[in-house]
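As structure tokens, the structure follows; a few thoughts come after it.
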Amino acid sequence: MTHNRRPELLVTLRHMTSLPDRMPIIVVDNGSADGTSAAVAAEFPGVTLIRSEHNLGALGRNLAAERIRTPYMACCDDDTRWQPGALSRAVALLDRYPGLASVTGRCLVAPTLVEDPITPELRDSPVPGPAWLPGPALLGVLAGLSMFRLSAFREVGGFSPRMWLGGEEELLTIDLAARGWWCCWAQDVVIHHEPSRARDPRRRRQLGIRNTLWTSWLRRPVPSAWRATRRVLGSAPRDLATVVAVWRAVRGLPWVLRERRVVPAEVERGLCLLEDSQRRSIARRYVG
């Protein structure tokens, strides 16, 4: 999935098409105006290219899911690159454990290849899982580092059209858990991330605040939703960008209340156990 990042995308595609795993690749061009589609078509004729006239955000992945004929879908952003063998290892886990909806890999950040700051939270996830689960249980994944079982992904409707982008994975993961599916982290499924410079951190912060507030009020009991709201607002800079994010979240309340479905008690217990690590997290701060 890409938008106006042609140079980064082409580097990623050269890497992904050379992997020994040899998986079919779909590129969703989210309305790029920098010649991305033409460049992909010219250099990678074997890649399936979906051209969207508009930037659909995370819904670009839903478009790809409609075209996939394999049982699993590995998401890959234009600046993330699955390492040799990682795709095959994720497939092996999903093949072996039919109750597993997704596998999220270990992220190493280029150029020094240090672990992403979110990694300790995934590795040390306090969410209780069944004995058969091959890694720590997750109630929030990172799409660009994850492979999904398509039947589970489709069962919950994929990514929400309302969320667009920015923390959109949390609602998906919670809905999977509410239906009895499990998501886990895998140490030996390695993905490199070379963060693009072509990003708007303030816009990302606004979307992250809005989507986190929406997800909390869509799925959590009122006391828990209030705690999440206080945590988010307490960690966000007190500036116009935060005010705009909160205003947009409030404007969506009619939809949120109409679609509100509180998760089962066992899922809520897992979400409560995550609150302490989320408060202390250096990776989840709403800055930028």
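Chain labels A, B, ... are given in the sequence in which chains occur in the structure tokens; within each chain residues are numbered consecutively from 1, and ligands are likewise numbered from 1 in the order shown.
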
Non-local contacts of range 29-45 of chain A (12 Å; only C-alpha atoms; under 5 positions in same chain excluded) as a PyMOL selection string:
chain A and resi 1-18+24+50-61+63-64+77-78+164

Mind the document's chain letters and residue numbers, and return as number ranges by chain the residues of range 53-249 of chain A that DSSP labels alpha helix (DSSP H).
A: 59-67, 86-96, 119-123, 150-155, 168-178, 201-219, 222-235, 240-249

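Per DSSP on the backbone, strand (DSSP E or B) in range 141-254 of chain A comprises A:Ser146, A:Met147, A:Phe148, A:Arg149, A:Trp182, A:Cys183, A:Cys184, A:Trp185, A:Ala186, A:Gln187, A:Asp188, A:Val189, A:Val190, A:Ile191, A:His192, A:His193.
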
Residue neighbourhood range 219-225 of chain A, 6 Å, only C-alpha atoms, exclusion window fewer than 6 positions, as an NGL selection string:
:A and (261-263)

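Atom to atom, CA of Thr119 in chain A and CA of Ser146 in chain A stand 13.3 Å apart.
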
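For the pair CA of Val246 in chain A and CA of Arg205 in chain A, the separation is 11.0 Å.
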
Just the number, please: distance in Å from CA of Pro84 in chain A to CA of His193 in chain A, one decimal.
14.2 Å

Give me the residues of range 118-224 of chain A that have any atom at most 6 Å from an atom of range 90-113 of chain A; for each, the nearest atom pair and the distance in Å, rounded to one decimal. Use only C-alpha atoms, sort by chain and number, and format it as JSON lines.
{"residue": "A:Leu145", "atom": "CA", "partner": "A:Thr104", "partner_atom": "CA", "distance": 5.4}
{"residue": "A:Ser146", "atom": "CA", "partner": "A:Thr104", "partner_atom": "CA", "distance": 4.2}
{"residue": "A:Met147", "atom": "CA", "partner": "A:Val103", "partner_atom": "CA", "distance": 5.3}
{"residue": "A:Phe148", "atom": "CA", "partner": "A:Ser102", "partner_atom": "CA", "distance": 4.3}
{"residue": "A:Arg149", "atom": "CA", "partner": "A:Ala101", "partner_atom": "CA", "distance": 5.1}
{"residue": "A:Ala152", "atom": "CA", "partner": "A:Ala101", "partner_atom": "CA", "distance": 5.8}
{"residue": "A:Trp181", "atom": "CA", "partner": "A:Ala101", "partner_atom": "CA", "distance": 5.7}
{"residue": "A:Trp182", "atom": "CA", "partner": "A:Leu100", "partner_atom": "CA", "distance": 4.9}
{"residue": "A:Cys183", "atom": "CA", "partner": "A:Ser102", "partner_atom": "CA", "distance": 4.8}
{"residue": "A:Cys184", "atom": "CA", "partner": "A:Val103", "partner_atom": "CA", "distance": 5.3}
{"residue": "A:Trp185", "atom": "CA", "partner": "A:Thr104", "partner_atom": "CA", "distance": 4.7}
{"residue": "A:Ala186", "atom": "CA", "partner": "A:Gly105", "partner_atom": "CA", "distance": 5.2}
{"residue": "A:Gln187", "atom": "CA", "partner": "A:Arg106", "partner_atom": "CA", "distance": 5.6}
{"residue": "A:Val189", "atom": "CA", "partner": "A:Gly105", "partner_atom": "CA", "distance": 4.6}
{"residue": "A:Val190", "atom": "CA", "partner": "A:Arg106", "partner_atom": "CA", "distance": 4.9}
{"residue": "A:Ile191", "atom": "CA", "partner": "A:Cys107", "partner_atom": "CA", "distance": 5.0}
{"residue": "A:His192", "atom": "CA", "partner": "A:Leu108", "partner_atom": "CA", "distance": 4.9}
{"residue": "A:His193", "atom": "CA", "partner": "A:Val109", "partner_atom": "CA", "distance": 4.8}
{"residue": "A:Glu194", "atom": "CA", "partner": "A:Ala110", "partner_atom": "CA", "distance": 4.9}

Can you pull out every residue within 9 Å of Pro264 in chain A, counting only C-alpha atoms, but drop anything in the same chain fewer than 5 positions away, and send it as a PDB file with C-alpha atoms, in the first residue's frame?
ATOM      1  CA  ALA A 177     -10.642 -11.327  19.725  1.00  0.00           C
ATOM      2  CA  ALA A 178     -14.352 -10.774  20.366  1.00  0.00           C
ATOM      3  CA  ARG A 269      -9.770  -8.102  30.913  1.00  0.00           C
TER       4      ARG A 269
END

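Among A:Val250, A:Ala245, A:Val127, A:Ala228, the residue with the shortest atom-to-atom distance to Arg210 in chain A, counting only C-alpha atoms, is A:Ala245.
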
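If only C-alpha atoms are the atoms counted, then among A:Thr173, A:Ser160, A:Ser125, A:Ser235 the closest residue to Gly140 in chain A is A:Thr173.
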
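Ranking A:Pro126, A:Gln206, A:Val114, A:Ser216 by their shortest atom-to-atom distance to Leu138 in chain A, with only C-alpha atoms included, puts A:Pro126 first.
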